[in-house]
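One structure is given below, encoded as structure tokens.
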Amino acid sequence: MATATEQWVLVEMVQALYEAPAYHLILEGILILWIIRLLFSKTYKLQERSDLTVKEKEELIEEWQPEPLVPPVPKDHPALNYNIVSGPPSHKIVVNGKECINFASFNFLGLLDNPRVKAAALASLKKYGVGTCGPRGFYGTFDVHLDLEDRLAKFMKTEEAIIYSYGFATIASAIPAYSKRGDIVFVDRAACFAIQKGLQASRSDIKLFKHNDMADLERLLKEQEIEDQKNPRKARVTRRFIVVEGLYMNTGTICPLPELVKLKYKYKARIFLEESLSFGVLGEHGGGVTEHYGINIDDIDLISANMENALASIGGFCCGRSFVIDHQRLSGQGYCFSASLPPLLAAAAIEALNIMEENPGIFAVLKEKCRQIHKALQGISGLKVVGESLSPAFHLQLEESTGSREQDVRLLQEIVDQCMNRSIALTQARYLEKEEKCLPPPRFFIKCFHFS
Amino acid sequence: MANPGGGTVCNGKLHNHKKQSNGLQSRNCTKNGIVKEAQQNGRTHFYDKLIVESFEEAPLHVMVFTYMGYGIGTLFGYLRDFMRNWGIEKCNAAVERKEQRDFVPLYQDFENFYTRNLYMRIRDNWNRPICSAPGALFDVMERVSDDYNWTFRFTGRVIKDVINMGSYNFLGLAAKYDESMRTIKDVLEVYGTGVASTRHEMGTLDKHKELEDLVAKFLNVEAAMVFGMGFATNSMNIPALVGKGCLILSDELNHTSLVLGARLSGATIRIFKHNNTQSLEKLLRDAVIYGQPRTRRAWKKILILVEGVYSMEGSIVHLPQIIALKKKYKAYLYIDEAHSIGAVGPTGRGVTEFFGLDPHEVDVLMGTFTKSFGAAGGYIAGRKDLVDYLRVHSHSAVYASSMSPPIAEQIIRSLKHLMGMDGTTQGLQRVRQLAKNTRYFRQRLQEMGFIIYGNENSPVVPLLLYMPGKVAAFARHMLEKKIGVVVVGFPATPLAEARARFCVSAAHTREMLDTVLEALDEMGDLLQLKYSRHKKSARPELYDETSFELED
């Protein structure tokens with residue numbers, strides 16, 4: 001019985017075949033042929049790897065010559081003939097065996113030489129030894145670190161502070177912890193190199209605005225707002241940041257913080273303030289540019305500074321609200337993946353903070369000295385002062401450049417050598433010419449200091 | 001069921017560098033039996049030395065339970081997030097300011113999901129503060145949490161004399177002050193703590209010059225340059241060496257600082273499998289033959305980035321093979337010896353000495369002073385023209401401050417100690433003691449039945465725990481027994497391979513190691529951690545031998 005039904009089904013099929021319209025059969029036939037062709041054809045390769053024979057490959061390997069690992073460096077480059085400093089870099093410094101007055105170290109409050117600071121560091125050395133042998137997460141957290149973080153937070157009147165073991169790494173790790181690919185950062189053209197590296201590591205969109213030009217910044221923010229309206233869904237997840245410095249290292253000017261705060265609330269961008277030069281310098285109690293202008297510190301999302309200028313130690317810190325700072329404990333690369341600050345440097349910083357809190361008068365004295373030095377250098381023919389009179393680190397630039405950067409550099413170097421002969425230690429501002437986004441012209445970098 | 005642990009004995013014999021050896025990279029590879037060291041007149045043929053590494057895979061049920069653990073944690077995480085959103089549960093995390101509520105949120109919710117729900121539960125095992133020098137014994141400050149780890153409170157008590165198995169103190173040089181550190185005190189009093197200047201401006205002290213000369217002598221290379229931070233040494237110097245149009249071949253498990261440096265340089269990055277020479281060779285061949293991706297132009301330079309000892313795996317780089325490849329394909333080699341300088345090699349000079357190779361064959365030798373020397377900072381050493389170039393073009397030399405003087409003095413002191421220049425042989429004894437401790441510790445752990453990763457000579461010993469719950473239990477119980485351990489989980493390690501990482505130190509005495517091993521034995525039985533399927537024979541009389549010879 002089974003075979004009969006089978007045959008019957010077969011007959012039905014053949015009949016259906018005869019009765020089907022012609023185009024149907026043709027279409028089906030074409031489809032079947034196409035499938036067969038696809039099945040048997042070679043797969044499409046993006047790179048033809050079978051083009052070269054083994055012999056040709058070996059020849060290519062033999063022939064290839066890479067560039068040398070490092071290009072040769074001219075022997076008379078100033079960086080190869082360092083000024084060797086022996087002894088402490090305080091206001092009198094021994095350079096190449098000669099004692100000079102020091103206008104070249106960022107020792108603004110003169111605390112590098114302070115006996116109390118040294119005593120605190122010595123006490124810490126006796127208790128803890130030198131190194132911490134581990135990152136913060138793995139038994140590298142000492143009670144001195146926690147103390148220093150508390151003290152810094154109290155000093156700056158914020159909720160929390162976090163310390164890094166290297167000043168450069170502070171802002172360069174803080175920015176990529178918050179700003180990722182797709183976010184937008186508005187940054188000043190004259191931002192320092194550490195900020196540039198932080199921005200590069202973050203892979204965000206960078207928009208540069210002219211130095212201290214709030215109108216330019218507002219224009220960029222308005223443009224961004226128009227873009228947002230075109231694509232509101234994307235705008236809802238794109239974070240915006242404004243990165244500025246309190247006292248710019250490259251120009252010696254102060255950022256206009258009140259206008260920035262107004263722009264922040266108008267366009268809903270967060271402010272990251274880099275206070276390396278202004279911490280311990282501006283403001284009545286050394287609280288930086290927020291104290292200078294009298295702005296509520298909570299209006300600034302993140303303040304970052306390094307402890308190598310006013311605090312005469314090594315390292316850096318960020319402070320702000322816990323909501324912002326706590327995130328860096330797990331995602332700040334320079335914090336999680338690097339050994340913590342040696343305790344003797346942390347103890348030195350705590351003692352320096354003590355001194356700053358006990359004598360708030362030193363900030364006024366420093367400002368007065370800066371004003372005096374600015375005034376005294378104003379009248380020199382051929383050189384102009386770049387920087388505000390409040391800034392302890394400013395530049396002396398050639399009024400008229402000779403035309404070529406190299407010649408300028410050589411001329412300035414001669415002046416530096418002459419000054420060195422007369423026991424004044426000066427330095428030129430150093431830049432990596434190929435790496436800087438907006439390369440400043442050659443000039444001297446003068447730093448004032450206070451000494452007791 | 002197939003046995004992924006494998007009983008396959010692999011012949012890890014290294015032939016001379018002309019032939020590419022194979023069979024070393026199998027993850028199922030373990031070594032049975034005893035090491036044979038060919039000794040002829042006291043000179044070891046390192047090329048004949050067997051590389052003994054093991055990366056045993058866990059049994060299947062362990063992996064299943066691990067993933068289940070994470071799954072349950074995630075479910076509960078969703079539940080708690082839901083309850084927090086709807087106000088049923090109090091939210092203890094810090095929140096955004098009222099005035100800034102309408103800003104774009106600073107953190108996406110899902111980015112912090114893992115931190116909020118899984119890490120927060122067990123975060124008392126990390127960031128434990130201590131209040132003494134990180135020597136072989138240290139004092140941990142006791143802290144408790146009243147609200148399930150959201151905030152901590154110090155009780156004021158100190159847990160004294162905890163055995164330190166977590167700090168990178170390989171040679172035991174991180175210790176409380178004693179008279180031999182007198183020079184550091186003097187330097188501190190004369191120079192102060194800070195430098196307040198960059199290397200190019202006024203920041204080069206005579207101490208730095210002395211240190212650089214000493215480092216070059218120690219490593220047996222032409223010149224060296226020191227920097228203030230180890231992390232920054234990588235991230236600021238790799239961009240100075242390579243740029244656009246160059247190729248970087250980087251190991252899978254390289255440290256964050258190497259990855260950051262490679263990214264900042266702008267070069268193309270290609271990743272090869274961990275310690276896998278075949279993978280590296282394939283990438284090198286393709287790079288040299290086919291050139292840059294679309295234009296087919298030749299690469300300007302090829303730089304291979306590897307580490308000496310990998311801190312999470314405990315494996316040692318297969319240096320002879322990589323040097324052979326490098327010579328054949330004319331690439332440059334950059335080794336990050338952060339964990340291996342001072343810790344491996346007969347006199348502590350790193351992986352080049354361990355394999356008996358000439359340090360001049362490596363183009364860039366980089367290392368840090370944090371781990372074996374008890375200080376902070378990093379160095380790059382190599383040929384004089386390389387170091388001169390870095391002196392001019394390194395980002396750190398131009399923009400970042402130089403090393404602090406007392407730290408430099410500590411490194412000078414440690415180097416002199418290691419090289420025997422202070423008139424004693426204590427430095428060398430420390431290196432030997434470390435090697436002995438390492439072998440003993442590793443062998444005992446393997447004999448007990450734990451899964452240990454890495455090379456038998458590496459002082460970094462990862463012990464696999466796998467399950468997230470066991471990670472927390474292990475760390476807490478060990479602290480109760482007064483042993484400080486470091487546990488690592490995701491994201492520093494792959495999701496399913498959480499581990500405890502021990503750092504053996506020359507300062508550990510045999511008694512301390514025995515105490516730790518006993519405690520580990522107990523823990524292993526209590527928490528069921530002994531997953532290894534290769535039970536070694538327990539023949540304790542062999543552990544005191546430094547060389548074994550088979551009677552043929």
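Residue numbering restarts at 1 in every chain; chains get A, B, ... in the order shown in the structure tokens, and ligands count up from 1 in that same order.
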
Residues of region 365-399 of chain A in strand (DSSP E or B), written as an NGL selection string: :A and (383-386 or 393-398)

Exercise: Ser338 (chain A) partners within 7 Å, only C-alpha atoms, chain neighbours under 4 positions left out, as number ranges by chain: A: 135, 334; B: 231

Those in region 72-268 of chain A with alpha helix (DSSP H) from DSSP, as a PyMOL selection string: chain A and resi 115-128+143-156+167-178+193-202+214-230+232-235+257-267

Between CA of Arg263 (chain B) and CA of Thr251 (chain A) - distance in Å to one decimal: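 According to the coordinates, CA of Thr251 (chain A) and CA of Arg263 (chain B) are separated by 29.3 Å.
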
Non-local contacts of Lys367 (chain A) (12 Å; only C-alpha atoms; under 6 positions in same chain excluded) as a ChimeraX atom specification: /A:108-109,278,280-284,286,361,373-374,388-393,448-450

Excluding same-chain residues fewer than 4 positions from region 460-471 of chain B, what lies within 6 Å of it counting only C-alpha atoms, as a JSON list (two decimals) with N, CA and C atoms, in the first residue's frame?
```
[["chain", "number", "residue", "atom", "x", "y", "z"],
["B", 66, "THR", "N", 31.46, 29.68, 38.85],
["B", 66, "THR", "CA", 31.92, 31.07, 38.81],
["B", 66, "THR", "C", 30.94, 31.94, 38.05],
["B", 314, "GLY", "N", 52.42, 36.10, 36.50],
["B", 314, "GLY", "CA", 53.63, 35.49, 37.03],
["B", 314, "GLY", "C", 54.49, 34.83, 35.97],
["B", 451, "ILE", "N", 46.00, 25.76, 42.13],
["B", 451, "ILE", "CA", 46.39, 26.09, 40.76],
["B", 451, "ILE", "C", 47.21, 27.38, 40.82],
["B", 452, "ILE", "N", 48.46, 27.27, 40.42],
["B", 452, "ILE", "CA", 49.36, 28.43, 40.43],
["B", 452, "ILE", "C", 49.72, 28.74, 39.00],
["B", 453, "TYR", "N", 49.73, 30.01, 38.64],
["B", 453, "TYR", "CA", 50.13, 30.37, 37.29],
["B", 453, "TYR", "C", 51.59, 30.79, 37.28],
["B", 496, "ALA", "N", 36.41, 35.40, 34.74],
["B", 496, "ALA", "CA", 36.26, 34.17, 35.50],
["B", 496, "ALA", "C", 37.52, 33.77, 36.22],
["B", 497, "GLU", "N", 38.57, 34.57, 36.18],
["B", 497, "GLU", "CA", 39.84, 34.13, 36.76],
["B", 497, "GLU", "C", 40.28, 35.06, 37.88],
["B", 498, "ALA", "N", 39.48, 35.22, 38.88],
["B", 498, "ALA", "CA", 39.91, 36.02, 40.03],
["B", 498, "ALA", "C", 41.01, 35.26, 40.76],
["B", 499, "ARG", "N", 41.94, 36.00, 41.34],
["B", 499, "ARG", "CA", 43.08, 35.30, 41.94],
["B", 499, "ARG", "C", 43.59, 36.05, 43.16],
["B", 500, "ALA", "N", 44.38, 35.34, 43.92],
["B", 500, "ALA", "CA", 45.12, 35.96, 45.01],
["B", 500, "ALA", "C", 46.56, 36.02, 44.54],
["B", 501, "ARG", "N", 47.21, 37.12, 44.77],
["B", 501, "ARG", "CA", 48.56, 37.26, 44.23],
["B", 501, "ARG", "C", 49.54, 37.46, 45.37],
["B", 502, "PHE", "N", 50.47, 36.57, 45.49],
["B", 502, "PHE", "CA", 51.48, 36.66, 46.55],
["B", 502, "PHE", "C", 52.77, 37.21, 45.97],
["B", 503, "CYS", "N", 53.45, 38.07, 46.73],
["B", 503, "CYS", "CA", 54.76, 38.56, 46.32],
["B", 503, "CYS", "C", 55.76, 38.08, 47.35]]
```
